Amino acid sequence: MVTKAYLPPMEEYVEKINEIWKTNCLTNMGPLHQRFEKELTNMLGVQYCLAFSNGHQALELLIQSMLQNKIIKVGCEVITTPFTFASTTHAIVRNGLVPVFADIKEDDYTLDPKSVEQCITDKTGLILPVHVYGYPCDTEAFQEISARYQIPVIYDGAHAFGVRYKNNDIGNYGFASIFSFHATKPFNSIEGGAIVFSDPQIGFRAYQMKNFGILDSDLVVAPGTNAKLSEFHAAMGLCNLDHWDEIKRGRKQVIERYRHRLEGVEGISFHVPNGDVEENYAYFPIVINEKVFGVNRDVVSQVLQDKNVFVRKYFYPLTCDFQCYRKQDYKKDIERAKYVSNRIVTLPVYADLSQKEIDFICDVIIACKRQALREVVL
Ligand SMILES: *Cc1c(COP(=O)(O)O)cnc(C)c1O
């Protein structure tokens, strides 16, 4: 499988949830929830960190809080990437805002600041890049654009928990960021997510919004929703935080083996972040150029699947090509995003994937190329 959820030793989880039977507090920002937020804040070195039921709610409510605090205008355009998970685009549209799809960079697949700048109009209210696969966006360029045009930048960091850039957690860049702690992400609380930010007003509003806008029993200040993280989820998050270094180490070994085996294979390219980046080893995507490699991504995926290796065409289709969006006349500049999306495949990564299994996967991929070459020669 492309991923396998990390589970801590069961005894550790049982010990953590023991407390719940003592306090009888199951949810509503109980003691485990509070401890989880505190440990995250310390670990990430951010000013504030609020936990949510999942990453999507964190993103949707972050945008909604910015609307309610009039930091962005009702119905404004949001410049974003189409090369992402559905959640990013949905969070924009579900807030009544209009996505504008800028192009990505071909080397690391993140949103291209140059394309973003070309998309800016007087309707632009927000820029929403994604640290896709945990590869940091060009935060300096976005900072500069944000200051020059007075447009806030928030990051979808769903893939980027624990990533550091220039000795600073990636959550410290931009106006605010979100993380996802979904079971399939490298760090999980089963379901869960967080907003990290430095503007207390935004955080205050988002905090209200996740509990129906209720401040106390007779004071309701906003049309909120329910996006609270339960004590059981917080307990899992706390357990997994204790294992984060070990999780990362395991994934690092897997990805380094892939890089070693696939480096120099003509027709296959992949991104290796530079020395300013401390990676979280979230994913291992490769781009297959069929003209050089001999066969295309779909053939390689199928051959792997026939051998019981389940890879993902992550991210294909582009979100702007989803059935629910393709008929809208959203503005777009997506040539490179299309190129990458049609050629990318994400290989299995989880801590206990053995070297033998990785080598098998690489052997199958390389054999696809040999087979293709043979067919050309014949
Ligand atoms: C997973 C993901 C989300 C949503 O997170 P959930 O915790 O699953 O709600 C948002 N954006 C991206 C890019 C993701 O991959």
# chains A, B, ... in the order shown; residues from 1 in each chain; ligands from 1
$ residues_around --residues "A:Lys185" --least-positions-apart "3" --cutoff "12 Å" --atoms "only C-alpha atoms" --output "MDAnalysis selection string"
chainID A and resid 2:7 54:55 133:134 157:162 179:182 188:193 240 244 247:248 251 280:283 349:350
$ write_last_selection --atoms "N, CA, C and O atoms" --output "CSV table (one decimal), in the first residue's frame"
chain,number,residue,atom,x,y,z
A,2,VAL,N,0.3,2.3,-0.5
A,2,VAL,CA,1.1,3.6,-0.6
A,2,VAL,C,1.5,4.1,0.8
A,2,VAL,O,2.5,4.8,1.0
A,3,THR,N,0.6,3.8,1.8
A,3,THR,CA,0.9,4.2,3.1
A,3,THR,C,0.3,3.2,4.1
A,3,THR,O,-0.5,2.4,3.8
A,4,LYS,N,0.8,3.3,5.3
A,4,LYS,CA,0.3,2.5,6.4
A,4,LYS,C,0.3,3.3,7.6
A,4,LYS,O,1.3,3.9,8.0
A,5,ALA,N,-0.9,3.4,8.3
A,5,ALA,CA,-1.0,4.3,9.4
A,5,ALA,C,-0.1,3.9,10.6
A,5,ALA,O,0.0,2.7,10.8
A,6,TYR,N,0.6,4.8,11.2
A,6,TYR,CA,1.4,4.5,12.3
A,6,TYR,C,0.6,4.3,13.6
A,6,TYR,O,-0.3,5.1,13.9
A,7,LEU,N,0.8,3.2,14.3
A,7,LEU,CA,0.1,3.0,15.6
A,7,LEU,C,1.2,2.9,16.7
A,7,LEU,O,2.2,2.2,16.5
A,54,ASN,N,-10.1,17.9,12.2
A,54,ASN,CA,-9.3,17.4,11.1
A,54,ASN,C,-8.7,18.6,10.3
A,54,ASN,O,-9.0,19.8,10.7
A,55,GLY,N,-7.8,18.3,9.4
A,55,GLY,CA,-7.1,19.4,8.7
A,55,GLY,C,-8.0,20.2,7.8
A,55,GLY,O,-7.8,21.4,7.7
A,133,TYR,N,3.6,17.5,-0.6
A,133,TYR,CA,4.5,16.4,-0.2
A,133,TYR,C,5.5,16.7,0.9
A,133,TYR,O,6.5,16.1,1.2
A,134,GLY,N,5.2,17.9,1.6
A,134,GLY,CA,6.1,18.3,2.6
A,134,GLY,C,7.3,19.1,2.1
A,134,GLY,O,8.2,19.5,2.8
A,157,GLY,N,-0.4,23.3,5.0
A,157,GLY,CA,0.8,22.5,5.4
A,157,GLY,C,0.3,21.1,5.8
A,157,GLY,O,1.0,20.5,6.6
A,158,ALA,N,-0.8,20.6,5.2
A,158,ALA,CA,-1.3,19.3,5.6
A,158,ALA,C,-0.2,18.2,5.5
A,158,ALA,O,-0.2,17.3,6.3
A,159,HIS,N,0.7,18.4,4.5
A,159,HIS,CA,1.7,17.3,4.3
A,159,HIS,C,3.0,17.7,5.1
A,159,HIS,O,4.0,16.9,5.1
A,160,ALA,N,3.0,18.8,5.8
A,160,ALA,CA,4.4,19.4,6.2
A,160,ALA,C,4.6,19.4,7.7
A,160,ALA,O,5.5,20.1,8.1
A,161,PHE,N,3.8,18.6,8.4
A,161,PHE,CA,4.1,18.6,9.9
A,161,PHE,C,5.5,18.3,10.2
A,161,PHE,O,6.0,17.3,9.7
A,162,GLY,N,6.1,19.1,11.0
A,162,GLY,CA,7.5,18.7,11.4
A,162,GLY,C,8.6,19.2,10.5
A,162,GLY,O,9.8,19.0,10.7
A,179,PHE,N,-2.1,22.2,9.6
A,179,PHE,CA,-1.6,20.8,9.4
A,179,PHE,C,-2.7,19.8,9.5
A,179,PHE,O,-3.7,20.1,10.1
A,180,SER,N,-2.4,18.6,8.9
A,180,SER,CA,-3.4,17.5,9.1
A,180,SER,C,-2.8,16.4,9.8
A,180,SER,O,-1.6,16.1,9.6
A,181,PHE,N,-3.6,15.8,10.7
A,181,PHE,CA,-3.1,14.7,11.5
A,181,PHE,C,-3.9,13.4,11.2
A,181,PHE,O,-4.2,12.6,12.0
A,182,HIS,N,-4.3,13.4,9.9
A,182,HIS,CA,-5.1,12.2,9.5
A,182,HIS,C,-4.3,11.0,9.5
A,182,HIS,O,-3.0,11.0,9.4
A,188,ASN,N,0.0,11.2,13.0
A,188,ASN,CA,-1.5,11.2,13.1
A,188,ASN,C,-2.0,11.2,14.5
A,188,ASN,O,-1.4,10.8,15.5
A,189,SER,N,-3.3,11.7,14.6
A,189,SER,CA,-4.1,11.6,15.8
A,189,SER,C,-5.4,10.9,15.4
A,189,SER,O,-6.5,11.3,15.9
A,190,ILE,N,-5.3,9.9,14.5
A,190,ILE,CA,-6.4,9.2,13.9
A,190,ILE,C,-7.1,10.1,12.9
A,190,ILE,O,-6.9,10.0,11.7
A,191,GLU,N,-7.9,11.1,13.3
A,191,GLU,CA,-8.3,12.2,12.6
A,191,GLU,C,-7.8,13.4,13.4
A,191,GLU,O,-7.7,13.3,14.6
A,192,GLY,N,-7.5,14.5,12.7
A,192,GLY,CA,-7.1,15.7,13.5
A,192,GLY,C,-6.4,16.7,12.6
A,192,GLY,O,-6.1,16.4,11.5
A,193,GLY,N,-6.3,17.9,13.2
A,193,GLY,CA,-5.6,18.9,12.4
A,193,GLY,C,-5.3,20.1,13.3
A,193,GLY,O,-5.7,20.1,14.5
A,240,ASN,N,1.7,9.5,19.7
A,240,ASN,CA,2.5,9.5,18.5
A,240,ASN,C,3.6,10.6,18.5
A,240,ASN,O,4.6,10.5,17.9
A,244,TRP,N,7.6,10.6,17.3
A,244,TRP,CA,7.8,11.3,16.0
A,244,TRP,C,9.2,11.2,15.4
A,244,TRP,O,9.3,10.9,14.2
A,247,ILE,N,9.5,7.8,14.0
A,247,ILE,CA,8.7,7.6,12.7
A,247,ILE,C,9.5,8.3,11.6
A,247,ILE,O,9.6,7.7,10.5
A,248,LYS,N,10.0,9.5,11.8
A,248,LYS,CA,10.7,10.2,10.8
A,248,LYS,C,12.0,9.4,10.4
A,248,LYS,O,12.3,9.4,9.2
A,251,ARG,N,11.1,6.6,8.0
A,251,ARG,CA,10.6,7.0,6.7
A,251,ARG,C,11.8,7.5,5.9
A,251,ARG,O,11.9,7.4,4.7
A,280,ASN,N,10.3,15.9,6.5
A,280,ASN,CA,9.5,15.0,7.3
A,280,ASN,C,9.3,13.7,6.6
A,280,ASN,O,8.7,12.8,7.1
A,281,TYR,N,9.8,13.6,5.4
A,281,TYR,CA,9.8,12.3,4.6
A,281,TYR,C,8.4,11.8,4.5
A,281,TYR,O,8.1,10.6,4.8
A,282,ALA,N,7.5,12.7,4.1
A,282,ALA,CA,6.0,12.4,4.0
A,282,ALA,C,5.7,11.5,2.9
A,282,ALA,O,4.9,10.5,3.0
A,283,TYR,N,6.3,11.8,1.7
A,283,TYR,CA,5.9,11.0,0.5
A,283,TYR,C,7.1,10.8,-0.4
A,283,TYR,O,8.1,11.5,-0.2
A,349,VAL,N,5.4,4.5,1.1
A,349,VAL,CA,6.4,5.0,2.2
A,349,VAL,C,5.7,4.7,3.6
A,349,VAL,O,4.6,5.3,3.8
A,350,TYR,N,6.3,3.9,4.4
A,350,TYR,CA,6.0,3.8,5.8
A,350,TYR,C,7.2,3.2,6.5
A,350,TYR,O,8.0,2.6,5.9
$ residues_around --residues "A:Arg326" --least-positions-apart "5" --cutoff "12 Å" --atoms "only C-alpha atoms" --output "compact mmCIF listing (two decimals) with N, CA, C and O atoms, in the first residue's frame"
# COMPACT_ATOMS: atom_id res chain seq x y z
N PRO A 82 -3.68 23.98 -8.27
CA PRO A 82 -4.61 22.89 -8.58
C PRO A 82 -3.98 21.53 -8.27
O PRO A 82 -4.66 20.51 -8.30
N PRO A 99 -11.63 30.34 -6.54
CA PRO A 99 -10.24 29.94 -6.76
C PRO A 99 -9.72 30.42 -8.11
O PRO A 99 -10.45 30.43 -9.09
N PHE A 101 -6.40 29.42 -10.36
CA PHE A 101 -5.36 28.40 -10.33
C PHE A 101 -4.09 28.88 -11.03
O PHE A 101 -4.07 29.05 -12.25
N PRO A 317 -6.67 13.63 -10.82
CA PRO A 317 -6.60 14.82 -11.66
C PRO A 317 -6.31 16.08 -10.85
O PRO A 317 -6.42 16.08 -9.63
N LEU A 318 -5.97 17.15 -11.55
CA LEU A 318 -5.85 18.46 -10.91
C LEU A 318 -7.23 18.83 -10.34
O LEU A 318 -8.24 18.47 -10.93
N THR A 319 -7.24 19.58 -9.25
CA THR A 319 -8.56 19.88 -8.65
C THR A 319 -9.44 20.69 -9.60
O THR A 319 -10.66 20.55 -9.58
N CYS A 320 -8.82 21.53 -10.45
CA CYS A 320 -9.64 22.34 -11.37
C CYS A 320 -10.31 21.46 -12.43
O CYS A 320 -11.24 21.90 -13.10
N ASP A 321 -9.85 20.21 -12.56
CA ASP A 321 -10.46 19.29 -13.52
C ASP A 321 -11.48 18.35 -12.86
O ASP A 321 -12.04 17.47 -13.53
N LYS A 331 -10.22 31.15 -13.54
CA LYS A 331 -9.02 31.48 -14.31
C LYS A 331 -7.93 30.48 -13.98
O LYS A 331 -7.79 30.05 -12.83
N LYS A 332 -7.13 30.12 -14.98
CA LYS A 332 -6.05 29.19 -14.69
C LYS A 332 -4.85 29.34 -15.62
O LYS A 332 -4.99 29.70 -16.77
$ closest_residue --among "A:Arg343, A:Glu357, A:Leu59, A:Cys239" --to "A:Glu11" --atoms "only C-alpha atoms"
A:Cys239
$ select_by_dssp --residues "stretch 171-261 of chain A" --states "alpha helix (DSSP H)" --output "ChimeraX atom specification"
/A:200-209,231-242,244-261
$ residues_around --residues "A:Ile20" --least-positions-apart "6" --cutoff "9 Å" --atoms "only C-alpha atoms" --output "list of chain:residue names"
A:Leu26, A:Leu32, A:Glu231, A:Phe232
$ write_last_selection --atoms "N, CA, C and O atoms" --output "PDB file, in the first residue's frame"
ATOM      1  N   LEU A  26     -14.747  13.334  27.868  1.00  0.00           N
ATOM      2  CA  LEU A  26     -14.500  12.661  26.587  1.00  0.00           C
ATOM      3  C   LEU A  26     -14.138  13.636  25.468  1.00  0.00           C
ATOM      4  O   LEU A  26     -13.503  13.263  24.491  1.00  0.00           O
ATOM      5  N   LEU A  32      -6.595  16.324  27.952  1.00  0.00           N
ATOM      6  CA  LEU A  32      -5.670  15.754  26.958  1.00  0.00           C
ATOM      7  C   LEU A  32      -5.562  16.677  25.742  1.00  0.00           C
ATOM      8  O   LEU A  32      -4.475  16.868  25.189  1.00  0.00           O
ATOM      9  N   GLU A 231     -11.008  13.715  23.198  1.00  0.00           N
ATOM     10  CA  GLU A 231      -9.916  13.320  24.093  1.00  0.00           C
ATOM     11  C   GLU A 231      -9.220  12.055  23.599  1.00  0.00           C
ATOM     12  O   GLU A 231      -8.025  11.885  23.779  1.00  0.00           O
ATOM     13  N   PHE A 232      -9.972  11.152  22.962  1.00  0.00           N
ATOM     14  CA  PHE A 232      -9.369   9.918  22.446  1.00  0.00           C
ATOM     15  C   PHE A 232      -8.398  10.224  21.299  1.00  0.00           C
ATOM     16  O   PHE A 232      -7.353   9.601  21.173  1.00  0.00           O
TER      17      PHE A 232
END
